Amino acid sequence: MLLRRCFLLPFPAVRLVRRSLHRQHDHIVLHPEVRQALQLQKPVVALESTIITHGMPMPENVVTALAVEEQVRQNGAIPATIGILDGRIKVGLTREELTTLAEKPRDQVIKCSRRDLPFVVSRRQSGGTTVAATMIIAHRVGIRVFATGGIGGVHRDGHESLDVSADLTELGRTPVAVVCSGVKSILDIPRTLEFLETQGVCVASFDSPGGVFPDFYTRDSGCTVPYNLKSAQEAAELLRSWQELKMESGLVIGVPIPEEFAADKFKIEKAIKEATAQAKSQGISGKEVTPFLLAAIAKITKGRSLKSNIALIKNNAKVAAQIAASLCDVSA
Ligand code: PSU
Ligand code: MN
């Protein structure tokens, strides 16, 4: 159709159309290692970058991002950290690029969710991609498995403020499997699970008997989900059926934090309440809420929450890589 149209256009216009098509592809740049792995259908795990730009302080952000990539490699997959540098969407940031992104002053790096992508690209700005934006890019380039710490969700007053993360609607429309430790208890977990159900997202726990869903810092949110996956192999079988059924929605695999790194439920809840009150009294709103709360909780717990955060991301990267590797085996 497009070709036929081109034939009807005068010659310079054809060139213009061609050039704009070309440009469209230039926006996304794949690291050669990632490109090769995808071509050879080897396991690849996508990783987000908002966690680097807005989720953790320096230097923990860079150290963690590199350690997470290493976990992916050690468990049989190629890591592809996704982020935006000067308007170019990179799939597989190099160590230097990752450091550049992490070291940028906050006012020069945008927290990019779905709505922000076209603007940031058009202005040649830099940004960390949220779960939603990372899913979009991962799907574009054919990556099926994505690991992160926690997804966004319905905020505790979300039923009034309508502060509901775009991660949830993205999960409803983009077929990528997100391996995470659920959503933070800074959010409203029961309402988040309800929202995901409405969006048609298959949510399962991982190695959590009874389908107990994690709440990030601790292993048990008090909520259960209908399915529990006992192993990476079982998860890969789920992913295969999901692919064969051509589901156009995402998957959430909730992995509880390893026991030894789990926070004390009472203490963390107290810190969350305090941080939430601070956010309210300082008038923090919109996309600033999550980064503010993360930093405040880390401060209140004297860095203990950050330690838990790092441990669970590494563990999720390990599980995601094992699932991606197993998926390649079952699909072979
Ligand atoms: N949860 C975390 N750390 C994070 C985030 C979530 O434990 O850094 C980030 C993720 O990138 C997630 C985003 O996609 O926050 C959600 O932000 P919002 O609620 O504004 O959609
Ligand atoms: Mn929000």
# chains A, B, ... in the order shown; residues from 1 in each chain; ligands from 1
$ select_by_dssp --residues "stretch 145-323 of chain A" --states "strand (DSSP E)" --output "list in words"
Val145, Phe146, Ala147, Ala177, Val178, Val179, Cys180, Cys202, Val203, Ala204, Ser205, Phe206, Tyr227, Asn228, Leu229, Leu251, Val252, Ile253 and Gly254 of chain A
$ residues_near_ligand --ligand "ligand 1" --cutoff "7 Å" --atoms "only C-alpha atoms and all ligand atoms" --output "list of chain:residue names"
A:Glu48, A:Ser49, A:Thr50, A:Ile51, A:His54, A:Gly55, A:Ser113, A:Thr129, A:Thr130, A:Val131, A:Ala132, A:Gly149, A:Gly150, A:Ile151, A:Gly152, A:Gly153, A:Val164, A:Ser165, A:Ala166, A:Asp167, A:Val183, A:Lys184, A:Gly286, A:Lys287, A:Glu288, A:Val289, A:Thr290, A:Pro291
$ residues_around --residues "A:Gly200" --least-positions-apart "5" --cutoff "10 Å" --atoms "only C-alpha atoms" --output "list in words"
Thr169, Leu171, Gly172, Arg173, Glu194, Phe195, Met247, Glu248, Ser249, Gly250 and Leu251 of chain A
$ write_last_selection --atoms "C-alpha atoms" --output "CSV table (one decimal), in the first residue's frame"
chain,number,residue,atom,x,y,z
A,169,THR,CA,-1.9,-0.8,31.1
A,171,LEU,CA,1.1,-5.2,30.7
A,172,GLY,CA,-2.4,-5.3,29.3
A,173,ARG,CA,-1.3,-4.5,25.7
A,194,GLU,CA,-7.4,-6.3,40.6
A,195,PHE,CA,-6.3,-3.9,37.9
A,247,MET,CA,-1.6,-13.4,23.6
A,248,GLU,CA,-1.3,-9.7,23.1
A,249,SER,CA,-0.9,-9.0,26.8
A,250,GLY,CA,2.0,-9.3,29.2
A,251,LEU,CA,2.9,-11.8,31.9
$ atom_distance --atom1 "atom CA of A:Ala296" --atom2 "atom CA of A:Glu60"
15.7 Å
$ atom_distance --atom1 "atom CA of A:Ser241" --atom2 "atom CA of A:Ala147"
19.8 Å
$ residues_around --residues "A:Val252" --least-positions-apart "2" --cutoff "9 Å" --atoms "only C-alpha atoms" --output "PyMOL selection string"
chain A and resi 171+176-180+182+201-205+250+254
$ residues_around --residues "A:His159" --least-positions-apart "2" --cutoff "12 Å" --atoms "only C-alpha atoms" --output "NGL selection string"
:A and (153-157 or 161-164 or 187-188 or 190-192 or 194-195)
$ write_last_selection --atoms "N, CA and C atoms" --output "short mmCIF file (atom, residue, chain, number, x, y, z; two decimals), in the first residue's frame"
data_model
loop_
_atom_site.label_atom_id
_atom_site.label_comp_id
_atom_site.auth_asym_id
_atom_site.auth_seq_id
_atom_site.Cartn_x
_atom_site.Cartn_y
_atom_site.Cartn_z
N GLY A 153 2.34 0.41 40.12
CA GLY A 153 1.02 -0.14 40.42
C GLY A 153 0.02 0.95 40.74
N VAL A 154 -1.03 0.56 41.43
CA VAL A 154 -2.03 1.52 41.88
C VAL A 154 -1.51 2.13 43.18
N HIS A 155 -1.41 3.44 43.24
CA HIS A 155 -0.92 4.07 44.47
C HIS A 155 -1.96 3.94 45.58
N ARG A 156 -1.50 4.13 46.82
CA ARG A 156 -2.39 3.86 47.95
C ARG A 156 -3.66 4.70 47.95
N ASP A 157 -3.58 5.91 47.35
CA ASP A 157 -4.81 6.71 47.22
C ASP A 157 -5.27 6.72 45.76
N SER A 161 -6.99 9.55 43.46
CA SER A 161 -6.12 10.41 42.65
C SER A 161 -5.99 9.90 41.22
N LEU A 162 -6.38 8.66 40.97
CA LEU A 162 -6.17 7.97 39.69
C LEU A 162 -4.69 7.82 39.36
N ASP A 163 -3.85 7.85 40.38
CA ASP A 163 -2.42 7.60 40.15
C ASP A 163 -2.21 6.09 40.03
N VAL A 164 -2.30 5.65 38.80
CA VAL A 164 -2.15 4.23 38.47
C VAL A 164 -1.03 4.15 37.44
N LEU A 187 2.67 0.79 47.44
CA LEU A 187 1.48 0.85 46.58
C LEU A 187 0.34 0.05 47.21
N ASP A 188 -0.79 0.06 46.53
CA ASP A 188 -1.93 -0.71 47.01
C ASP A 188 -1.92 -2.04 46.25
N PRO A 190 -3.52 -5.11 46.71
CA PRO A 190 -4.78 -5.75 46.27
C PRO A 190 -5.40 -5.03 45.06
N ARG A 191 -5.41 -3.71 45.08
CA ARG A 191 -6.00 -2.98 43.94
C ARG A 191 -5.15 -3.16 42.68
N THR A 192 -3.84 -3.24 42.85
CA THR A 192 -2.96 -3.46 41.69
C THR A 192 -3.28 -4.82 41.05
N GLU A 194 -6.10 -6.44 41.23
CA GLU A 194 -7.42 -6.33 40.59
C GLU A 194 -7.29 -5.68 39.21
N PHE A 195 -6.49 -4.62 39.17
CA PHE A 195 -6.32 -3.89 37.90
C PHE A 195 -5.69 -4.79 36.84
#
$ closest_residue --among "A:Ile82, A:Val145, A:Leu293, A:Ser221" --to "ligand 2" --atoms "only C-alpha atoms and all ligand atoms"
A:Leu293
$ atom_distance --atom1 "atom CA of A:His139" --atom2 "atom CA of A:Ile186"
28.3 Å
$ residues_around --residues "stretch 259-261 of chain A" --least-positions-apart "3" --cutoff "9 Å" --atoms "only C-alpha atoms" --output "PyMOL selection string"
chain A and resi 217-219+256+307-309+311-312
$ write_last_selection --atoms "C-alpha atoms" --output "mmCIF file, in the first residue's frame"
data_model
loop_
_atom_site.group_PDB
_atom_site.id
_atom_site.type_symbol
_atom_site.label_atom_id
_atom_site.label_comp_id
_atom_site.auth_asym_id
_atom_site.auth_seq_id
_atom_site.Cartn_x
_atom_site.Cartn_y
_atom_site.Cartn_z
ATOM 1 C CA TYR A 217 10.849 -5.996 50.544
ATOM 2 C CA THR A 218 9.135 -9.007 52.093
ATOM 3 C CA ARG A 219 8.087 -12.385 50.739
ATOM 4 C CA PRO A 256 9.847 -13.409 46.423
ATOM 5 C CA LYS A 307 20.269 -3.579 50.302
ATOM 6 C CA SER A 308 17.059 -5.608 50.004
ATOM 7 C CA ASN A 309 16.303 -3.877 46.714
ATOM 8 C CA ALA A 311 19.457 -8.423 46.424
ATOM 9 C CA LEU A 312 16.045 -8.993 44.936
#
